[in-house]
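Asker: Attaching a single structure in structure tokens format; questions to follow.
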Number of protein chains: 2
Amino acid sequence: MVSSAHDIEEGLAFTPKFDAEGLVTAVATDAKSGDVLMVAHMNDEALRKTIASGEAWYYSRSRKTLWRKGETSGHVQRVLELRVDCDQDALWLKVEQQGAGACHTGRRSCFYRAVPIGKGAGTRLEFRNAEKAFDPGKVYK
Amino acid sequence: MVSSAHDIEEGLAFTPKFDAEGLVTAVATDAKSGDVLMVAHMNDEALRKTIASGEAWYYSRSRKTLWRKGETSGHVQRVLELRVDCDQDALWLKVEQQGAGACHTGRRSCFYRAVPIGKGAGTRLEFRNAEKAFDPGKVYK
């Protein structure tokens, strides 16, 4: 049964709209600071495990595998709130980030570089809050 | 020339990684509250226009068209900061949302429903901050 746009947008049935690869976009923000920590993807299984456990699970497109966030690093994300957007193809996780950071490069957030505005394309990035929160060489094997 | 993972993650060259459809994911958060307002996509042109103008432009996958946010509603997004993530396939816009809201349903944010945690899949959504900030029937045409 196909849901109408009105049902999807105004209803209380959770009918996540997975894309052709079976994924939805998931944005994790730090519940305290409001900073975006990372943008990742979930397949149906990752979503079910997240809902059941209250900890963030994702699907890695590069490794083509289900992935419990923090499984290797210990930097687990406890999900304080999970929200879905109007057309149900994106999720927002407000998380309590355990450990030093969310990014595999060692930063707290994956968004540690700014694109200067008003200067045209081709401009160089600028580091912002780019200090390493942990040593990825030590944390990952 | 293909950039190495190290160049992409640690360098200052802005080399956004567009997907097979020529898009990157763009997350807009309210600069004041930290709330996620919407998740959308940008193609190269939308990104260039955003950088040049300091106002958010997106690419609508459903309408297959470039789209200046607020063009119809007046609910323009002024971009206070634009960030790119580690692998340069996602953007984070901290915006000053003009007008009542970002969502075409009339809410301030597109994320006005929560998925209860710990109750298993199939659970019903719960409205959160779902009061209408504007009347979409009046704003759109």
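Chain labels run A, B, ... following the order of the structure tokens; each chain numbers its residues from 1, and ligands are numbered from 1 in the order shown.
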Where does DSSP see alpha helix (DSSP H) in segment 18-135 of chain A, if you list the residues as a ChimeraX atom specification?
Answerer: /A:44-53
Asker: Store the residues picked out above in a file with all heavy atoms, as a PDB file, in the first residue's frame.
Answerer:
```
ATOM      1  N   ASP A  44      17.736  -0.695   7.059  1.00  0.00           N
ATOM      2  CA  ASP A  44      16.633  -1.083   7.931  1.00  0.00           C
ATOM      3  C   ASP A  44      17.140  -1.734   9.218  1.00  0.00           C
ATOM      4  O   ASP A  44      16.661  -1.443  10.321  1.00  0.00           O
ATOM      5  CB  ASP A  44      15.709  -2.050   7.169  1.00  0.00           C
ATOM      6  CG  ASP A  44      14.504  -2.457   8.001  1.00  0.00           C
ATOM      7  OD1 ASP A  44      13.734  -1.569   8.393  1.00  0.00           O
ATOM      8  OD2 ASP A  44      14.338  -3.663   8.267  1.00  0.00           O
ATOM      9  N   GLU A  45      18.160  -2.582   9.077  1.00  0.00           N
ATOM     10  CA  GLU A  45      18.672  -3.290  10.256  1.00  0.00           C
ATOM     11  C   GLU A  45      19.346  -2.330  11.234  1.00  0.00           C
ATOM     12  O   GLU A  45      19.149  -2.436  12.457  1.00  0.00           O
ATOM     13  CB  GLU A  45      19.657  -4.398   9.821  1.00  0.00           C
ATOM     14  CG  GLU A  45      19.959  -5.356  10.956  1.00  0.00           C
ATOM     15  CD  GLU A  45      20.948  -6.465  10.571  1.00  0.00           C
ATOM     16  OE1 GLU A  45      21.313  -6.548   9.363  1.00  0.00           O
ATOM     17  OE2 GLU A  45      21.369  -7.211  11.458  1.00  0.00           O
ATOM     18  N   ALA A  46      20.136  -1.398  10.717  1.00  0.00           N
ATOM     19  CA  ALA A  46      20.805  -0.417  11.583  1.00  0.00           C
ATOM     20  C   ALA A  46      19.765   0.410  12.333  1.00  0.00           C
ATOM     21  O   ALA A  46      19.917   0.692  13.529  1.00  0.00           O
ATOM     22  CB  ALA A  46      21.708   0.489  10.747  1.00  0.00           C
ATOM     23  N   LEU A  47      18.713   0.768  11.634  1.00  0.00           N
ATOM     24  CA  LEU A  47      17.643   1.560  12.249  1.00  0.00           C
ATOM     25  C   LEU A  47      16.946   0.771  13.353  1.00  0.00           C
ATOM     26  O   LEU A  47      16.726   1.272  14.466  1.00  0.00           O
ATOM     27  CB  LEU A  47      16.659   1.990  11.160  1.00  0.00           C
ATOM     28  CG  LEU A  47      15.438   2.788  11.593  1.00  0.00           C
ATOM     29  CD1 LEU A  47      15.824   4.027  12.394  1.00  0.00           C
ATOM     30  CD2 LEU A  47      14.616   3.188  10.357  1.00  0.00           C
ATOM     31  N   ARG A  48      16.625  -0.495  13.079  1.00  0.00           N
ATOM     32  CA  ARG A  48      15.975  -1.330  14.091  1.00  0.00           C
ATOM     33  C   ARG A  48      16.849  -1.511  15.324  1.00  0.00           C
ATOM     34  O   ARG A  48      16.376  -1.446  16.459  1.00  0.00           O
ATOM     35  CB  ARG A  48      15.659  -2.718  13.506  1.00  0.00           C
ATOM     36  CG  ARG A  48      14.465  -2.705  12.586  1.00  0.00           C
ATOM     37  CD  ARG A  48      14.304  -4.046  11.856  1.00  0.00           C
ATOM     38  NE  ARG A  48      13.280  -3.940  10.840  1.00  0.00           N
ATOM     39  CZ  ARG A  48      11.986  -4.147  11.062  1.00  0.00           C
ATOM     40  NH1 ARG A  48      11.565  -4.489  12.263  1.00  0.00           N
ATOM     41  NH2 ARG A  48      11.113  -4.010  10.089  1.00  0.00           N
ATOM     42  N   LYS A  49      18.152  -1.724  15.087  1.00  0.00           N
ATOM     43  CA  LYS A  49      19.060  -1.929  16.213  1.00  0.00           C
ATOM     44  C   LYS A  49      19.213  -0.647  17.022  1.00  0.00           C
ATOM     45  O   LYS A  49      19.333  -0.682  18.246  1.00  0.00           O
ATOM     46  CB  LYS A  49      20.429  -2.409  15.712  1.00  0.00           C
ATOM     47  CG  LYS A  49      20.445  -3.877  15.311  1.00  0.00           C
ATOM     48  CD  LYS A  49      21.823  -4.293  14.807  1.00  0.00           C
ATOM     49  CE  LYS A  49      21.874  -5.744  14.390  1.00  0.00           C
ATOM     50  NZ  LYS A  49      21.862  -6.689  15.529  1.00  0.00           N
ATOM     51  N   THR A  50      19.219   0.487  16.342  1.00  0.00           N
ATOM     52  CA  THR A  50      19.309   1.778  17.035  1.00  0.00           C
ATOM     53  C   THR A  50      18.092   1.979  17.918  1.00  0.00           C
ATOM     54  O   THR A  50      18.210   2.356  19.091  1.00  0.00           O
ATOM     55  CB  THR A  50      19.409   2.923  16.005  1.00  0.00           C
ATOM     56  OG1 THR A  50      20.593   2.746  15.226  1.00  0.00           O
ATOM     57  CG2 THR A  50      19.454   4.280  16.683  1.00  0.00           C
ATOM     58  N   ILE A  51      16.918   1.717  17.365  1.00  0.00           N
ATOM     59  CA  ILE A  51      15.676   1.901  18.124  1.00  0.00           C
ATOM     60  C   ILE A  51      15.623   0.945  19.316  1.00  0.00           C
ATOM     61  O   ILE A  51      15.263   1.323  20.427  1.00  0.00           O
ATOM     62  CB  ILE A  51      14.447   1.696  17.207  1.00  0.00           C
ATOM     63  CG1 ILE A  51      14.376   2.822  16.174  1.00  0.00           C
ATOM     64  CG2 ILE A  51      13.159   1.628  18.023  1.00  0.00           C
ATOM     65  CD1 ILE A  51      13.338   2.605  15.090  1.00  0.00           C
ATOM     66  N   ALA A  52      16.033  -0.295  19.091  1.00  0.00           N
ATOM     67  CA  ALA A  52      15.938  -1.299  20.151  1.00  0.00           C
ATOM     68  C   ALA A  52      16.952  -1.062  21.268  1.00  0.00           C
ATOM     69  O   ALA A  52      16.637  -1.242  22.443  1.00  0.00           O
ATOM     70  CB  ALA A  52      16.125  -2.696  19.558  1.00  0.00           C
ATOM     71  N   SER A  53      18.166  -0.632  20.877  1.00  0.00           N
ATOM     72  CA  SER A  53      19.253  -0.546  21.858  1.00  0.00           C
ATOM     73  C   SER A  53      19.432   0.843  22.453  1.00  0.00           C
ATOM     74  O   SER A  53      20.049   0.998  23.510  1.00  0.00           O
ATOM     75  CB  SER A  53      20.572  -0.969  21.207  1.00  0.00           C
ATOM     76  OG  SER A  53      20.973   0.006  20.253  1.00  0.00           O
TER      77      SER A  53
END
```
Asker: Please identify every residue of chain A that has at least one atom no farther than 7 Å from an atom of chain B, counting only C-alpha atoms, and for each give the shortest atom pair and the distance in Å to one decimal, arranged by chain then increasing number, as JSON lines.
Answerer:
```
{"residue": "A:Leu12", "atom": "CA", "partner": "B:Leu125", "partner_atom": "CA", "distance": 4.6}
{"residue": "A:Ala13", "atom": "CA", "partner": "B:Arg124", "partner_atom": "CA", "distance": 5.4}
{"residue": "A:Phe14", "atom": "CA", "partner": "B:Leu125", "partner_atom": "CA", "distance": 6.0}
{"residue": "A:Gly34", "atom": "CA", "partner": "B:Gly34", "partner_atom": "CA", "distance": 4.5}
{"residue": "A:Asp35", "atom": "CA", "partner": "B:Gly34", "partner_atom": "CA", "distance": 6.8}
{"residue": "A:Val39", "atom": "CA", "partner": "B:Ala90", "partner_atom": "CA", "distance": 6.9}
{"residue": "A:Arg48", "atom": "CA", "partner": "B:Ala121", "partner_atom": "CA", "distance": 6.1}
{"residue": "A:Ile51", "atom": "CA", "partner": "B:Ile117", "partner_atom": "CA", "distance": 4.9}
{"residue": "A:Ala52", "atom": "CA", "partner": "B:Gly118", "partner_atom": "CA", "distance": 4.5}
{"residue": "A:Ser53", "atom": "CA", "partner": "B:Gly118", "partner_atom": "CA", "distance": 6.1}
{"residue": "A:Gly54", "atom": "CA", "partner": "B:Ile117", "partner_atom": "CA", "distance": 6.0}
{"residue": "A:Leu82", "atom": "CA", "partner": "B:Val115", "partner_atom": "CA", "distance": 5.4}
{"residue": "A:Arg83", "atom": "CA", "partner": "B:Ala114", "partner_atom": "CA", "distance": 4.2}
{"residue": "A:Val84", "atom": "CA", "partner": "B:Phe111", "partner_atom": "CA", "distance": 5.5}
{"residue": "A:Asp85", "atom": "CA", "partner": "B:Phe111", "partner_atom": "CA", "distance": 4.3}
{"residue": "A:Cys86", "atom": "CA", "partner": "B:Cys110", "partner_atom": "CA", "distance": 5.2}
{"residue": "A:Ala90", "atom": "CA", "partner": "B:Val39", "partner_atom": "CA", "distance": 6.9}
{"residue": "A:Cys110", "atom": "CA", "partner": "B:Asp85", "partner_atom": "CA", "distance": 4.9}
{"residue": "A:Phe111", "atom": "CA", "partner": "B:Asp85", "partner_atom": "CA", "distance": 4.3}
{"residue": "A:Tyr112", "atom": "CA", "partner": "B:Asp85", "partner_atom": "CA", "distance": 6.8}
{"residue": "A:Arg113", "atom": "CA", "partner": "B:Arg83", "partner_atom": "CA", "distance": 5.6}
{"residue": "A:Ala114", "atom": "CA", "partner": "B:Arg83", "partner_atom": "CA", "distance": 4.2}
{"residue": "A:Val115", "atom": "CA", "partner": "B:Leu82", "partner_atom": "CA", "distance": 5.4}
{"residue": "A:Ile117", "atom": "CA", "partner": "B:Ile51", "partner_atom": "CA", "distance": 4.9}
{"residue": "A:Gly118", "atom": "CA", "partner": "B:Ala52", "partner_atom": "CA", "distance": 4.5}
{"residue": "A:Lys119", "atom": "CA", "partner": "B:Ala52", "partner_atom": "CA", "distance": 6.3}
{"residue": "A:Gly120", "atom": "CA", "partner": "B:Ala52", "partner_atom": "CA", "distance": 5.2}
{"residue": "A:Ala121", "atom": "CA", "partner": "B:Arg48", "partner_atom": "CA", "distance": 6.1}
{"residue": "A:Gly122", "atom": "CA", "partner": "B:Phe14", "partner_atom": "CA", "distance": 6.7}
{"residue": "A:Arg124", "atom": "CA", "partner": "B:Ala13", "partner_atom": "CA", "distance": 5.4}
{"residue": "A:Leu125", "atom": "CA", "partner": "B:Leu12", "partner_atom": "CA", "distance": 4.6}
{"residue": "A:Glu126", "atom": "CA", "partner": "B:Leu12", "partner_atom": "CA", "distance": 6.6}
```
Asker: Apply DSSP to the structure's backbone, then extract all residues of segment 4-58 of chain A labelled strand (DSSP E) and return them as a list of chain:residue names.
Answerer: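 Strand (DSSP E) members of segment 4-58 of chain A, listed: A:Val24, A:Thr25, A:Ala26, A:Val27, A:Ala28, A:Thr29, A:Asp30, A:Val36, A:Leu37, A:Met38, A:Val39, A:Ala40, A:His41, A:Met42, A:Trp57, A:Tyr58.
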Asker: Mind dumping the selected residues with N, CA, C and O atoms as a compact mmCIF listing (two decimals), in the first residue's frame?
Answerer:
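In the end it all went to out.txt:
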```txt
# COMPACT_ATOMS: atom_id res chain seq x y z
N VAL A 24 18.72 5.37 4.52
CA VAL A 24 18.25 6.72 4.84
C VAL A 24 19.44 7.49 5.43
O VAL A 24 20.34 6.90 6.02
N THR A 25 19.41 8.80 5.25
CA THR A 25 20.45 9.67 5.80
C THR A 25 20.18 9.88 7.28
O THR A 25 19.04 10.09 7.69
N ALA A 26 21.24 9.82 8.07
CA ALA A 26 21.13 10.01 9.52
C ALA A 26 22.13 11.07 9.96
O ALA A 26 23.33 10.96 9.70
N VAL A 27 21.62 12.11 10.62
CA VAL A 27 22.46 13.20 11.12
C VAL A 27 22.54 13.09 12.62
O VAL A 27 21.50 13.06 13.29
N ALA A 28 23.75 13.00 13.15
CA ALA A 28 23.92 12.94 14.60
C ALA A 28 24.42 14.28 15.11
O ALA A 28 25.43 14.80 14.62
N THR A 29 23.67 14.85 16.07
CA THR A 29 24.13 16.09 16.70
C THR A 29 24.44 15.82 18.16
O THR A 29 23.86 14.93 18.79
N ASP A 30 25.35 16.62 18.70
CA ASP A 30 25.71 16.55 20.10
C ASP A 30 24.57 17.18 20.90
O ASP A 30 24.25 18.36 20.71
N VAL A 36 26.71 19.52 14.81
CA VAL A 36 26.58 18.31 14.01
C VAL A 36 27.87 17.51 14.17
O VAL A 36 28.97 18.01 13.91
N LEU A 37 27.75 16.28 14.62
CA LEU A 37 28.92 15.43 14.82
C LEU A 37 29.26 14.69 13.53
O LEU A 37 30.42 14.59 13.14
N MET A 38 28.26 14.15 12.86
CA MET A 38 28.50 13.37 11.65
C MET A 38 27.22 13.20 10.86
O MET A 38 26.11 13.37 11.37
N VAL A 39 27.39 12.91 9.58
CA VAL A 39 26.29 12.53 8.71
C VAL A 39 26.61 11.13 8.19
O VAL A 39 27.70 10.91 7.65
N ALA A 40 25.71 10.19 8.40
CA ALA A 40 25.95 8.83 7.99
C ALA A 40 24.67 8.24 7.42
O ALA A 40 23.73 8.99 7.13
N HIS A 41 24.63 6.94 7.26
CA HIS A 41 23.45 6.29 6.69
C HIS A 41 23.05 5.09 7.53
O HIS A 41 23.88 4.48 8.19
N MET A 42 21.77 4.77 7.46
CA MET A 42 21.25 3.57 8.13
C MET A 42 20.47 2.75 7.11
O MET A 42 19.72 3.31 6.30
N TRP A 57 23.55 2.74 15.53
CA TRP A 57 24.10 1.80 14.55
C TRP A 57 23.96 2.45 13.18
O TRP A 57 22.96 3.11 12.90
N TYR A 58 24.96 2.25 12.32
CA TYR A 58 24.89 2.80 10.97
C TYR A 58 25.20 1.69 9.96
O TYR A 58 25.55 0.58 10.34
```
Asker: If we count only C-alpha atoms and set the cut-off at 7 Å, which residues sit around Tyr140 of chain A, ignoring sequence neighbours fewer than 3 positions away in its own chain? Please answer as a list in words.
Answerer: Thr72, Ser73, Pro136 and Gly137 of chain A
Asker: So how many Å separate atom CA of Lys64 of chain B and atom CA of Ala20 of chain B, to one decimal?
Answerer: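 Atom CA of Lys64 of chain B sits 14.7 Å away from atom CA of Ala20 of chain B.
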